[in-house]
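*Asks:* The structure follows.
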Amino acid sequence: MARAAVSGGLSPRLVWRAARLVEFRDETPSARTLVFDVPDWPGHLPGQHVDVRLTAEDGYSTERSYSIATPADGTRVALTVQLVEDGEVSPYLIQTLSVGDVIELRGPVGGWFVWRSADPAPVLLIGGGSGIVPLMAMIRARRAAGSKALFRLIYSARTPEDRYYADELRTRVRDDFGLDVSYVYTRKTPEGWPLPPRRLGVADVNNGGWPPDFQPACFVCGPTGFVEAVADILIALGHDARRVKTERFGPSGT
Ligand SMILES: Cc1cc2nc3c(=O)[nH]c(=O)nc-3n(C[C@H](O)[C@H](O)[C@H](O)COP(=O)(O)OP(=O)(O)OC[C@H]3O[C@@H](n4cnc5c(N)ncnc54)[C@H](O)[C@@H]3O)c2cc1C
């Protein structure tokens, strides 16, 4: 009886679903967007992620989390995966998985790090490396919903070649009124860039962000060290801690 009650109440997002790779595109030499078809996908909000499970023939299985890169679109779920050279899962997803192959997905996961298109408040997005992925889902969702919320993105990448979605972001800044994007490069800048490579600092958040008085909704995502440093800057600048939402991807720094 109790067992029936538990399984009968199982949330659809806790179910593992078969996800078939239908297309992919390379965003950078070491990052690939994978588009899956997931029958019965329940939909998701921008900012949410999925769990991916890979199972070997001998039954060994392993799981990792990946943010969803696009707003809800029927049964399509797009992820952008950065290659971690000595990693277990990301090399498989980027180098081995082929169109037609099936993996397992569970989700959507996370109800906190999400942007809702009905929210008119200004938004500040700050991403480091692959931390751009859920922020891009928010930028795409803003356009899809015709939202007029003012968005600013500060994107920290190692080099210009490491930027994800570079062409699309250029187009969105041109066509999506109320979206601004600024870049910080940590290892190599484009030619003629006015500043040397460096880590994102207070001046970048001041120049590329919103004043705390505007009470923006802040979303910060990337490697753990990056997220902690940026959250500290936002709080030191006077942003309300309750409006600073963070998502940590992993152990390394940019
Ligand atoms: C909520 C959430 C969302 C995420 N979304 C994304 C996403 O959209 N795109 C994406 O590419 N990744 C994302 N990640 C990170 C992802 O889950 C994996 O950690 C990453 O792909 C590495 O897995 P792996 O199996 O290849 O490496 P592992 O076998 O887990 O690790 C191998 C080595 O790499 C180090 N390492 C582990 N994770 C990282 C990392 N993130 N960065 C650098 N070094 C690491 C480990 O310390 C270890 O030394 C997300 C993580 C979380 C928690």
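Labels for the structure tokens follow display order: chains A, B, ..., residues from 1 in each chain, ligands from 1.
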Which residues of chain A come within 10 Å of ligand 1, and for each one, what is the closest pair of atoms and their distance in Å to one decimal, counting only C-alpha atoms and all ligand atoms, sorted by chain and residue number, as JSON lines?
*Replies:*
{"residue": "A:Ser30", "atom": "CA", "partner": "ligand 1", "partner_atom_place_in_ligand_line": "11 (O)", "distance": 9.6}
{"residue": "A:Ala31", "atom": "CA", "partner": "ligand 1", "partner_atom_place_in_ligand_line": "11 (O)", "distance": 7.3}
{"residue": "A:Arg32", "atom": "CA", "partner": "ligand 1", "partner_atom_place_in_ligand_line": "11 (O)", "distance": 8.7}
{"residue": "A:Thr33", "atom": "CA", "partner": "ligand 1", "partner_atom_place_in_ligand_line": "9 (N)", "distance": 9.2}
{"residue": "A:Gly47", "atom": "CA", "partner": "ligand 1", "partner_atom_place_in_ligand_line": "1 (C)", "distance": 9.2}
{"residue": "A:Gln48", "atom": "CA", "partner": "ligand 1", "partner_atom_place_in_ligand_line": "1 (C)", "distance": 7.9}
{"residue": "A:His49", "atom": "CA", "partner": "ligand 1", "partner_atom_place_in_ligand_line": "3 (C)", "distance": 5.9}
{"residue": "A:Val50", "atom": "CA", "partner": "ligand 1", "partner_atom_place_in_ligand_line": "3 (C)", "distance": 7.7}
{"residue": "A:Asp51", "atom": "CA", "partner": "ligand 1", "partner_atom_place_in_ligand_line": "17 (O)", "distance": 8.2}
{"residue": "A:Val52", "atom": "CA", "partner": "ligand 1", "partner_atom_place_in_ligand_line": "17 (O)", "distance": 8.6}
{"residue": "A:Thr62", "atom": "CA", "partner": "ligand 1", "partner_atom_place_in_ligand_line": "25 (O)", "distance": 8.4}
{"residue": "A:Glu63", "atom": "CA", "partner": "ligand 1", "partner_atom_place_in_ligand_line": "25 (O)", "distance": 8.0}
{"residue": "A:Arg64", "atom": "CA", "partner": "ligand 1", "partner_atom_place_in_ligand_line": "17 (O)", "distance": 4.4}
{"residue": "A:Ser65", "atom": "CA", "partner": "ligand 1", "partner_atom_place_in_ligand_line": "17 (O)", "distance": 4.0}
{"residue": "A:Tyr66", "atom": "CA", "partner": "ligand 1", "partner_atom_place_in_ligand_line": "5 (N)", "distance": 3.5}
{"residue": "A:Ser67", "atom": "CA", "partner": "ligand 1", "partner_atom_place_in_ligand_line": "8 (O)", "distance": 3.9}
{"residue": "A:Ile68", "atom": "CA", "partner": "ligand 1", "partner_atom_place_in_ligand_line": "8 (O)", "distance": 6.5}
{"residue": "A:Ala69", "atom": "CA", "partner": "ligand 1", "partner_atom_place_in_ligand_line": "8 (O)", "distance": 7.2}
{"residue": "A:Ala78", "atom": "CA", "partner": "ligand 1", "partner_atom_place_in_ligand_line": "8 (O)", "distance": 9.6}
{"residue": "A:Leu79", "atom": "CA", "partner": "ligand 1", "partner_atom_place_in_ligand_line": "8 (O)", "distance": 6.1}
{"residue": "A:Thr80", "atom": "CA", "partner": "ligand 1", "partner_atom_place_in_ligand_line": "9 (N)", "distance": 5.3}
{"residue": "A:Val81", "atom": "CA", "partner": "ligand 1", "partner_atom_place_in_ligand_line": "11 (O)", "distance": 3.5}
{"residue": "A:Gln82", "atom": "CA", "partner": "ligand 1", "partner_atom_place_in_ligand_line": "11 (O)", "distance": 3.6}
{"residue": "A:Leu83", "atom": "CA", "partner": "ligand 1", "partner_atom_place_in_ligand_line": "26 (O)", "distance": 6.5}
{"residue": "A:Val84", "atom": "CA", "partner": "ligand 1", "partner_atom_place_in_ligand_line": "26 (O)", "distance": 4.9}
{"residue": "A:Glu85", "atom": "CA", "partner": "ligand 1", "partner_atom_place_in_ligand_line": "26 (O)", "distance": 7.2}
{"residue": "A:Asp86", "atom": "CA", "partner": "ligand 1", "partner_atom_place_in_ligand_line": "32 (C)", "distance": 5.2}
{"residue": "A:Gly87", "atom": "CA", "partner": "ligand 1", "partner_atom_place_in_ligand_line": "27 (O)", "distance": 3.2}
{"residue": "A:Glu88", "atom": "CA", "partner": "ligand 1", "partner_atom_place_in_ligand_line": "25 (O)", "distance": 3.8}
{"residue": "A:Val89", "atom": "CA", "partner": "ligand 1", "partner_atom_place_in_ligand_line": "25 (O)", "distance": 3.6}
{"residue": "A:Ser90", "atom": "CA", "partner": "ligand 1", "partner_atom_place_in_ligand_line": "26 (O)", "distance": 3.7}
{"residue": "A:Pro91", "atom": "CA", "partner": "ligand 1", "partner_atom_place_in_ligand_line": "26 (O)", "distance": 6.0}
{"residue": "A:Tyr92", "atom": "CA", "partner": "ligand 1", "partner_atom_place_in_ligand_line": "26 (O)", "distance": 7.9}
{"residue": "A:Leu93", "atom": "CA", "partner": "ligand 1", "partner_atom_place_in_ligand_line": "26 (O)", "distance": 8.6}
{"residue": "A:Ile94", "atom": "CA", "partner": "ligand 1", "partner_atom_place_in_ligand_line": "26 (O)", "distance": 9.6}
{"residue": "A:Val109", "atom": "CA", "partner": "ligand 1", "partner_atom_place_in_ligand_line": "1 (C)", "distance": 8.3}
{"residue": "A:Gly110", "atom": "CA", "partner": "ligand 1", "partner_atom_place_in_ligand_line": "1 (C)", "distance": 8.1}
{"residue": "A:Phe113", "atom": "CA", "partner": "ligand 1", "partner_atom_place_in_ligand_line": "1 (C)", "distance": 9.4}
{"residue": "A:Gly129", "atom": "CA", "partner": "ligand 1", "partner_atom_place_in_ligand_line": "11 (O)", "distance": 8.7}
{"residue": "A:Ser130", "atom": "CA", "partner": "ligand 1", "partner_atom_place_in_ligand_line": "9 (N)", "distance": 5.3}
{"residue": "A:Gly131", "atom": "CA", "partner": "ligand 1", "partner_atom_place_in_ligand_line": "8 (O)", "distance": 6.6}
{"residue": "A:Ile132", "atom": "CA", "partner": "ligand 1", "partner_atom_place_in_ligand_line": "8 (O)", "distance": 7.8}
{"residue": "A:Val133", "atom": "CA", "partner": "ligand 1", "partner_atom_place_in_ligand_line": "8 (O)", "distance": 5.2}
{"residue": "A:Pro134", "atom": "CA", "partner": "ligand 1", "partner_atom_place_in_ligand_line": "8 (O)", "distance": 6.8}
{"residue": "A:Leu135", "atom": "CA", "partner": "ligand 1", "partner_atom_place_in_ligand_line": "8 (O)", "distance": 9.8}
{"residue": "A:Cys221", "atom": "CA", "partner": "ligand 1", "partner_atom_place_in_ligand_line": "3 (C)", "distance": 8.8}
{"residue": "A:Gly222", "atom": "CA", "partner": "ligand 1", "partner_atom_place_in_ligand_line": "41 (N)", "distance": 8.0}
{"residue": "A:Pro223", "atom": "CA", "partner": "ligand 1", "partner_atom_place_in_ligand_line": "42 (N)", "distance": 6.3}
{"residue": "A:Thr224", "atom": "CA", "partner": "ligand 1", "partner_atom_place_in_ligand_line": "41 (N)", "distance": 8.6}
{"residue": "A:Thr246", "atom": "CA", "partner": "ligand 1", "partner_atom_place_in_ligand_line": "1 (C)", "distance": 9.8}
{"residue": "A:Glu247", "atom": "CA", "partner": "ligand 1", "partner_atom_place_in_ligand_line": "1 (C)", "distance": 6.2}
{"residue": "A:Arg248", "atom": "CA", "partner": "ligand 1", "partner_atom_place_in_ligand_line": "53 (C)", "distance": 5.8}
{"residue": "A:Phe249", "atom": "CA", "partner": "ligand 1", "partner_atom_place_in_ligand_line": "51 (C)", "distance": 3.7}
{"residue": "A:Gly250", "atom": "CA", "partner": "ligand 1", "partner_atom_place_in_ligand_line": "41 (N)", "distance": 3.6}
{"residue": "A:Pro251", "atom": "CA", "partner": "ligand 1", "partner_atom_place_in_ligand_line": "45 (C)", "distance": 5.5}
{"residue": "A:Ser252", "atom": "CA", "partner": "ligand 1", "partner_atom_place_in_ligand_line": "43 (C)", "distance": 4.8}
{"residue": "A:Gly253", "atom": "CA", "partner": "ligand 1", "partner_atom_place_in_ligand_line": "43 (C)", "distance": 7.5}
{"residue": "A:Thr254", "atom": "CA", "partner": "ligand 1", "partner_atom_place_in_ligand_line": "43 (C)", "distance": 8.6}
*Asks:* Using DSSP on the backbone, list every residue of region 7-236 of chain A that comes out as alpha helix (DSSP H), and give them as a tab-separated table (two decimals) with C-alpha atoms, in the first residue's frame.
*Replies:*
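Output (part28.tsv):
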chain	number	residue	atom	x	y	z
A	7	SER	CA	5.39	5.09	-6.89
A	8	GLY	CA	1.99	6.58	-7.70
A	90	SER	CA	32.14	14.79	-21.01
A	91	PRO	CA	34.63	13.11	-23.43
A	132	ILE	CA	26.95	30.64	-19.81
A	133	VAL	CA	24.70	27.67	-20.67
A	134	PRO	CA	21.71	28.26	-18.33
A	135	LEU	CA	22.10	32.03	-18.79
A	136	MET	CA	21.77	31.56	-22.55
A	137	ALA	CA	18.57	29.62	-21.95
A	138	MET	CA	17.26	32.71	-20.11
A	139	ILE	CA	18.31	35.05	-22.96
A	140	ARG	CA	16.62	32.77	-25.48
A	141	ALA	CA	13.52	32.46	-23.31
A	142	ARG	CA	13.31	36.26	-23.01
A	143	ARG	CA	13.18	36.54	-26.77
A	144	ALA	CA	10.75	33.65	-27.19
A	145	ALA	CA	8.38	35.20	-24.62
A	166	ALA	CA	29.28	34.10	-30.09
A	167	ASP	CA	27.42	34.69	-33.37
A	168	GLU	CA	24.00	34.29	-31.79
A	169	LEU	CA	24.86	36.68	-28.95
A	170	ARG	CA	26.03	39.26	-31.50
A	171	THR	CA	22.71	38.93	-33.33
A	172	ARG	CA	20.67	39.07	-30.14
A	173	VAL	CA	22.41	42.26	-28.97
A	174	ARG	CA	21.57	43.81	-32.35
A	175	ASP	CA	17.96	42.59	-32.52
A	202	VAL	CA	34.49	44.93	-9.24
A	203	ALA	CA	34.91	47.38	-12.14
A	204	ASP	CA	33.48	44.85	-14.61
A	205	VAL	CA	30.41	44.27	-12.45
A	206	ASN	CA	30.01	48.03	-11.97
A	207	ASN	CA	30.34	48.81	-15.67
A	208	GLY	CA	28.51	45.83	-17.15
A	224	THR	CA	32.90	27.14	-8.00
A	225	GLY	CA	35.71	29.66	-7.40
A	226	PHE	CA	34.33	32.02	-10.02
A	227	VAL	CA	30.81	31.91	-8.59
A	228	GLU	CA	32.00	32.56	-5.05
A	229	ALA	CA	34.19	35.50	-6.12
A	230	VAL	CA	31.39	37.10	-8.16
A	231	ALA	CA	28.78	36.59	-5.44
A	232	ASP	CA	31.15	38.30	-2.97
A	233	ILE	CA	31.54	41.25	-5.37
A	234	LEU	CA	27.79	41.62	-5.80
A	235	ILE	CA	27.16	41.58	-2.07
A	236	ALA	CA	30.03	44.03	-1.45
*Asks:* Between A:Phe36, A:Pro122, A:Ala157, A:Tyr164, which one has atoms that come closest to Asp101 (chain A), using only C-alpha atoms?
*Replies:* A:Phe36
*Asks:* Going by DSSP on the backbone, which residues of region 20-246 of chain A come out as strand (DSSP E or B)? List them as a compact mmCIF listing (two decimals) with N, CA, C and O atoms, in the first residue's frame.
*Replies:*
# COMPACT_ATOMS: atom_id res chain seq x y z
N ARG A 20 17.29 10.48 -27.25
CA ARG A 20 18.01 10.14 -28.49
C ARG A 20 18.67 11.40 -29.07
O ARG A 20 18.01 12.42 -29.24
N LEU A 21 19.96 11.29 -29.36
CA LEU A 21 20.66 12.44 -29.95
C LEU A 21 20.15 12.64 -31.38
O LEU A 21 20.24 11.72 -32.21
N VAL A 22 19.64 13.84 -31.66
CA VAL A 22 19.11 14.10 -33.01
C VAL A 22 20.00 15.05 -33.81
O VAL A 22 19.98 15.03 -35.04
N GLU A 23 20.75 15.89 -33.13
CA GLU A 23 21.72 16.74 -33.85
C GLU A 23 22.72 17.29 -32.87
O GLU A 23 22.50 17.27 -31.65
N PHE A 24 23.83 17.77 -33.42
CA PHE A 24 24.83 18.44 -32.57
C PHE A 24 25.51 19.52 -33.37
O PHE A 24 25.47 19.53 -34.61
N ARG A 25 26.10 20.47 -32.68
CA ARG A 25 26.96 21.46 -33.34
C ARG A 25 28.08 21.86 -32.38
O ARG A 25 27.87 21.91 -31.16
N ASP A 26 29.23 22.13 -32.95
CA ASP A 26 30.37 22.52 -32.12
C ASP A 26 30.30 24.02 -31.86
O ASP A 26 30.17 24.81 -32.78
N GLU A 27 30.38 24.39 -30.59
CA GLU A 27 30.34 25.80 -30.21
C GLU A 27 31.74 26.39 -30.19
O GLU A 27 31.94 27.56 -30.48
N THR A 28 32.71 25.57 -29.77
CA THR A 28 34.13 25.95 -29.73
C THR A 28 34.88 24.66 -30.03
O THR A 28 34.26 23.57 -30.12
N ALA A 31 33.79 22.41 -27.02
CA ALA A 31 32.43 22.39 -26.46
C ALA A 31 31.42 22.09 -27.56
O ALA A 31 31.52 22.64 -28.66
N ARG A 32 30.48 21.26 -27.25
CA ARG A 32 29.51 20.83 -28.25
C ARG A 32 28.09 20.92 -27.69
O ARG A 32 27.84 20.54 -26.54
N THR A 33 27.19 21.44 -28.52
CA THR A 33 25.77 21.42 -28.16
C THR A 33 25.15 20.13 -28.69
O THR A 33 25.34 19.78 -29.87
N LEU A 34 24.47 19.42 -27.82
CA LEU A 34 23.82 18.15 -28.16
C LEU A 34 22.32 18.34 -28.03
O LEU A 34 21.85 18.77 -26.96
N VAL A 35 21.59 18.05 -29.08
CA VAL A 35 20.13 18.20 -29.04
C VAL A 35 19.51 16.81 -28.99
O VAL A 35 19.76 15.98 -29.88
N PHE A 36 18.74 16.57 -27.94
CA PHE A 36 18.11 15.26 -27.74
C PHE A 36 16.61 15.34 -27.97
O PHE A 36 15.98 16.37 -27.68
N ASP A 37 16.06 14.25 -28.44
CA ASP A 37 14.61 14.10 -28.46
C ASP A 37 14.24 13.21 -27.27
O ASP A 37 14.77 12.09 -27.14
N HIS A 49 18.37 22.25 -14.89
CA HIS A 49 19.32 21.31 -15.48
C HIS A 49 18.73 19.90 -15.50
O HIS A 49 17.62 19.68 -15.00
N VAL A 50 19.47 19.00 -16.12
CA VAL A 50 19.08 17.59 -16.13
C VAL A 50 20.21 16.76 -15.53
O VAL A 50 21.36 17.20 -15.50
N ASP A 51 19.88 15.59 -15.09
CA ASP A 51 20.90 14.59 -14.77
C ASP A 51 21.01 13.68 -15.99
O ASP A 51 20.00 13.29 -16.58
N VAL A 52 22.25 13.38 -16.34
CA VAL A 52 22.52 12.47 -17.46
C VAL A 52 23.08 11.18 -16.86
O VAL A 52 23.98 11.24 -16.00
N ARG A 53 22.57 10.04 -17.30
CA ARG A 53 23.11 8.75 -16.81
C ARG A 53 23.63 7.94 -18.00
O ARG A 53 22.92 7.75 -18.98
N LEU A 54 24.86 7.51 -17.86
CA LEU A 54 25.46 6.61 -18.85
C LEU A 54 25.64 5.25 -18.20
O LEU A 54 26.08 5.16 -17.05
N THR A 55 25.29 4.21 -18.93
CA THR A 55 25.42 2.85 -18.39
C THR A 55 26.23 1.99 -19.35
O THR A 55 25.92 1.92 -20.54
N SER A 61 27.27 2.29 -14.05
CA SER A 61 26.66 3.52 -14.55
C SER A 61 27.14 4.72 -13.74
O SER A 61 27.60 4.58 -12.59
N THR A 62 27.08 5.87 -14.38
CA THR A 62 27.54 7.09 -13.74
C THR A 62 26.67 8.25 -14.19
O THR A 62 26.10 8.21 -15.28
N GLU A 63 26.55 9.26 -13.32
CA GLU A 63 25.64 10.38 -13.59
C GLU A 63 26.37 11.71 -13.48
O GLU A 63 27.25 11.86 -12.64
N ARG A 64 25.96 12.69 -14.30
CA ARG A 64 26.44 14.07 -14.19
C ARG A 64 25.27 15.00 -14.47
O ARG A 64 24.30 14.62 -15.11
N SER A 65 25.41 16.23 -14.01
CA SER A 65 24.38 17.25 -14.26
C SER A 65 24.78 18.14 -15.43
O SER A 65 25.96 18.50 -15.55
N TYR A 66 23.81 18.52 -16.26
CA TYR A 66 24.06 19.48 -17.35
C TYR A 66 22.88 20.44 -17.45
O TYR A 66 21.71 20.01 -17.46
N SER A 67 23.20 21.72 -17.55
CA SER A 67 22.15 22.74 -17.71
C SER A 67 21.50 22.61 -19.07
O SER A 67 22.15 22.22 -20.04
N ILE A 68 20.25 23.02 -19.14
CA ILE A 68 19.53 23.02 -20.41
C ILE A 68 19.79 24.37 -21.09
O ILE A 68 19.67 25.42 -20.45
N ASP A 73 10.81 23.42 -25.54
CA ASP A 73 10.47 23.31 -26.97
C ASP A 73 10.02 21.88 -27.23
O ASP A 73 10.76 21.08 -27.81
N ARG A 76 12.26 18.48 -27.36
CA ARG A 76 13.68 18.74 -27.59
C ARG A 76 14.36 19.26 -26.32
O ARG A 76 13.83 20.17 -25.66
N VAL A 77 15.51 18.71 -26.00
CA VAL A 77 16.30 19.18 -24.87
C VAL A 77 17.74 19.36 -25.36
O VAL A 77 18.37 18.40 -25.84
N ALA A 78 18.25 20.61 -25.29
CA ALA A 78 19.61 20.89 -25.78
C ALA A 78 20.55 21.14 -24.60
O ALA A 78 20.22 21.90 -23.68
N LEU A 79 21.71 20.50 -24.64
CA LEU A 79 22.74 20.69 -23.62
C LEU A 79 24.00 21.18 -24.33
O LEU A 79 24.22 20.82 -25.49
N THR A 80 24.83 21.98 -23.66
CA THR A 80 26.14 22.29 -24.22
C THR A 80 27.18 21.80 -23.23
O THR A 80 27.19 22.22 -22.06
N VAL A 81 28.04 20.92 -23.71
CA VAL A 81 28.99 20.23 -22.83
C VAL A 81 30.42 20.67 -23.15
O VAL A 81 30.83 20.67 -24.31
N GLN A 82 31.14 21.05 -22.11
CA GLN A 82 32.55 21.42 -22.23
C GLN A 82 33.41 20.18 -21.99
O GLN A 82 33.18 19.44 -21.03
N VAL A 102 21.30 6.61 -27.88
CA VAL A 102 20.37 6.90 -26.79
C VAL A 102 21.11 6.89 -25.46
O VAL A 102 21.90 5.98 -25.18
N ILE A 103 20.87 7.93 -24.65
CA ILE A 103 21.34 7.94 -23.27
C ILE A 103 20.12 8.14 -22.38
O ILE A 103 19.00 8.18 -22.88
N GLU A 104 20.34 8.29 -21.07
CA GLU A 104 19.20 8.54 -20.18
C GLU A 104 19.30 9.93 -19.55
O GLU A 104 20.38 10.37 -19.17
N LEU A 105 18.15 10.59 -19.47
CA LEU A 105 18.05 11.92 -18.84
C LEU A 105 16.99 11.88 -17.75
O LEU A 105 15.98 11.19 -17.89
N ARG A 106 17.22 12.68 -16.71
CA ARG A 106 16.21 12.83 -15.67
C ARG A 106 16.06 14.32 -15.37
O ARG A 106 17.06 15.03 -15.22
N GLY A 107 14.82 14.78 -15.26
CA GLY A 107 14.66 16.19 -14.96
C GLY A 107 13.29 16.70 -15.39
O GLY A 107 12.42 15.91 -15.73
N PRO A 108 13.09 18.01 -15.41
CA PRO A 108 14.10 19.02 -15.10
C PRO A 108 14.36 19.11 -13.59
O PRO A 108 13.47 18.83 -12.80
N VAL A 109 15.59 19.52 -13.25
CA VAL A 109 16.00 19.61 -11.86
C VAL A 109 16.24 21.08 -11.51
O VAL A 109 16.81 21.82 -12.32
N VAL A 123 17.52 42.12 -15.11
CA VAL A 123 18.24 40.87 -14.85
C VAL A 123 19.72 41.09 -15.12
O VAL A 123 20.09 41.70 -16.13
N LEU A 124 20.55 40.60 -14.21
CA LEU A 124 22.00 40.60 -14.42
C LEU A 124 22.48 39.16 -14.45
O LEU A 124 22.31 38.42 -13.47
N LEU A 125 23.06 38.78 -15.58
CA LEU A 125 23.58 37.43 -15.76
C LEU A 125 25.10 37.52 -15.76
O LEU A 125 25.68 38.32 -16.51
N ILE A 126 25.76 36.70 -14.95
CA ILE A 126 27.23 36.69 -14.95
C ILE A 126 27.67 35.23 -15.06
O ILE A 126 27.39 34.41 -14.18
N GLY A 127 28.34 34.92 -16.18
CA GLY A 127 28.73 33.53 -16.43
C GLY A 127 30.22 33.40 -16.66
O GLY A 127 30.85 34.26 -17.28
N GLY A 128 30.78 32.31 -16.17
CA GLY A 128 32.19 31.99 -16.42
C GLY A 128 32.28 30.66 -17.14
O GLY A 128 31.70 29.66 -16.70
N PHE A 151 17.99 43.05 -19.74
CA PHE A 151 18.97 42.01 -19.43
C PHE A 151 20.39 42.53 -19.67
O PHE A 151 20.64 43.15 -20.71
N ARG A 152 21.28 42.23 -18.77
CA ARG A 152 22.70 42.47 -19.01
C ARG A 152 23.46 41.18 -18.71
O ARG A 152 23.24 40.57 -17.65
N LEU A 153 24.32 40.81 -19.63
CA LEU A 153 25.16 39.62 -19.45
C LEU A 153 26.62 40.04 -19.38
O LEU A 153 27.09 40.79 -20.24
N ILE A 154 27.32 39.56 -18.37
CA ILE A 154 28.78 39.68 -18.30
C ILE A 154 29.33 38.26 -18.43
O ILE A 154 28.99 37.39 -17.61
N TYR A 155 30.13 38.06 -19.46
CA TYR A 155 30.56 36.70 -19.81
C TYR A 155 32.08 36.64 -19.74
O TYR A 155 32.78 37.31 -20.49
N SER A 156 32.58 35.81 -18.83
CA SER A 156 34.02 35.63 -18.68
C SER A 156 34.44 34.35 -19.40
O SER A 156 33.93 33.26 -19.11
N ALA A 157 35.35 34.52 -20.37
CA ALA A 157 35.85 33.37 -21.14
C ALA A 157 37.38 33.43 -21.14
O ALA A 157 37.96 34.50 -20.96
N LEU A 179 18.90 44.13 -24.38
CA LEU A 179 19.91 43.13 -24.00
C LEU A 179 21.30 43.71 -24.27
O LEU A 179 21.58 44.15 -25.38
N ASP A 180 22.14 43.70 -23.25
CA ASP A 180 23.54 44.13 -23.41
C ASP A 180 24.45 42.99 -22.99
O ASP A 180 24.14 42.26 -22.04
N VAL A 181 25.57 42.88 -23.68
CA VAL A 181 26.54 41.82 -23.35
C VAL A 181 27.93 42.45 -23.25
O VAL A 181 28.32 43.23 -24.12
N SER A 182 28.67 42.11 -22.19
CA SER A 182 30.07 42.52 -22.12
C SER A 182 30.92 41.31 -21.78
O SER A 182 30.44 40.35 -21.17
N TYR A 183 32.18 41.38 -22.22
CA TYR A 183 33.08 40.22 -22.08
C TYR A 183 34.27 40.57 -21.21
O TYR A 183 34.77 41.69 -21.22
N VAL A 184 34.75 39.55 -20.51
CA VAL A 184 36.01 39.62 -19.80
C VAL A 184 36.81 38.40 -20.25
O VAL A 184 36.26 37.29 -20.31
N TYR A 185 38.09 38.60 -20.60
CA TYR A 185 38.93 37.49 -21.05
C TYR A 185 40.01 37.23 -20.01
O TYR A 185 40.68 38.17 -19.57
N ALA A 217 17.45 41.02 -10.58
CA ALA A 217 17.60 39.60 -10.26
C ALA A 217 18.95 39.18 -10.83
O ALA A 217 19.20 39.34 -12.03
N CYS A 218 19.85 38.69 -9.96
CA CYS A 218 21.20 38.34 -10.40
C CYS A 218 21.34 36.82 -10.48
O CYS A 218 20.96 36.11 -9.53
N PHE A 219 21.88 36.34 -11.58
CA PHE A 219 22.14 34.91 -11.76
C PHE A 219 23.62 34.75 -12.08
O PHE A 219 24.11 35.32 -13.06
N VAL A 220 24.32 33.96 -11.26
CA VAL A 220 25.76 33.78 -11.43
C VAL A 220 26.04 32.29 -11.60
O VAL A 220 25.59 31.48 -10.77
N CYS A 221 26.77 31.93 -12.65
CA CYS A 221 27.00 30.50 -12.90
C CYS A 221 28.38 30.27 -13.48
O CYS A 221 28.85 31.04 -14.32
N GLY A 222 29.02 29.20 -13.04
CA GLY A 222 30.34 28.84 -13.55
C GLY A 222 31.06 27.94 -12.58
O GLY A 222 30.46 27.34 -11.68
N VAL A 244 20.51 37.33 -5.35
CA VAL A 244 21.70 36.79 -6.02
C VAL A 244 21.60 35.27 -6.01
O VAL A 244 21.73 34.63 -4.97
N LYS A 245 21.32 34.69 -7.17
CA LYS A 245 21.17 33.24 -7.26
C LYS A 245 22.40 32.66 -7.95
O LYS A 245 22.88 33.23 -8.94
N THR A 246 22.89 31.55 -7.42
CA THR A 246 24.14 31.00 -7.95
C THR A 246 23.98 29.52 -8.31
O THR A 246 23.17 28.80 -7.73
*Asks:* Quick one: pull the distance between CA of Asp162 (chain A) and CA of Asp176 (chain A), Å, one decimal.
*Replies:*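 If I compute the distance from CA of Asp162 (chain A) to CA of Asp176 (chain A), I get 23.2 Å.
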*Asks:* Of the residues A:Phe177, A:Pro29, A:Asp119, A:Asp240, which is the one nearest to Thr159 (chain A), using only C-alpha atoms?
*Replies:*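 The answer is A:Pro29, which sits nearest to Thr159 (chain A).
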*Asks:* In Å, with one decimal, what is the gap from CA of Ala121 (chain A) to CA of Gly238 (chain A)?
*Replies:*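 So the two atoms, CA of Ala121 (chain A) and CA of Gly238 (chain A), lie 17.0 Å apart.
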*Asks:* What's the separation between CA of Pro46 (chain A) and CA of Ala18 (chain A), in Å to one decimal place?
*Replies:*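 So the two atoms, CA of Pro46 (chain A) and CA of Ala18 (chain A), lie 21.4 Å apart.
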*Asks:* Would you mind listing what lies within 7 Å of Arg198 (chain A) as number ranges by chain, with only C-alpha atoms counted and same-chain residues fewer than 2 positions away left out?
*Replies:* A: 185-187, 196, 200
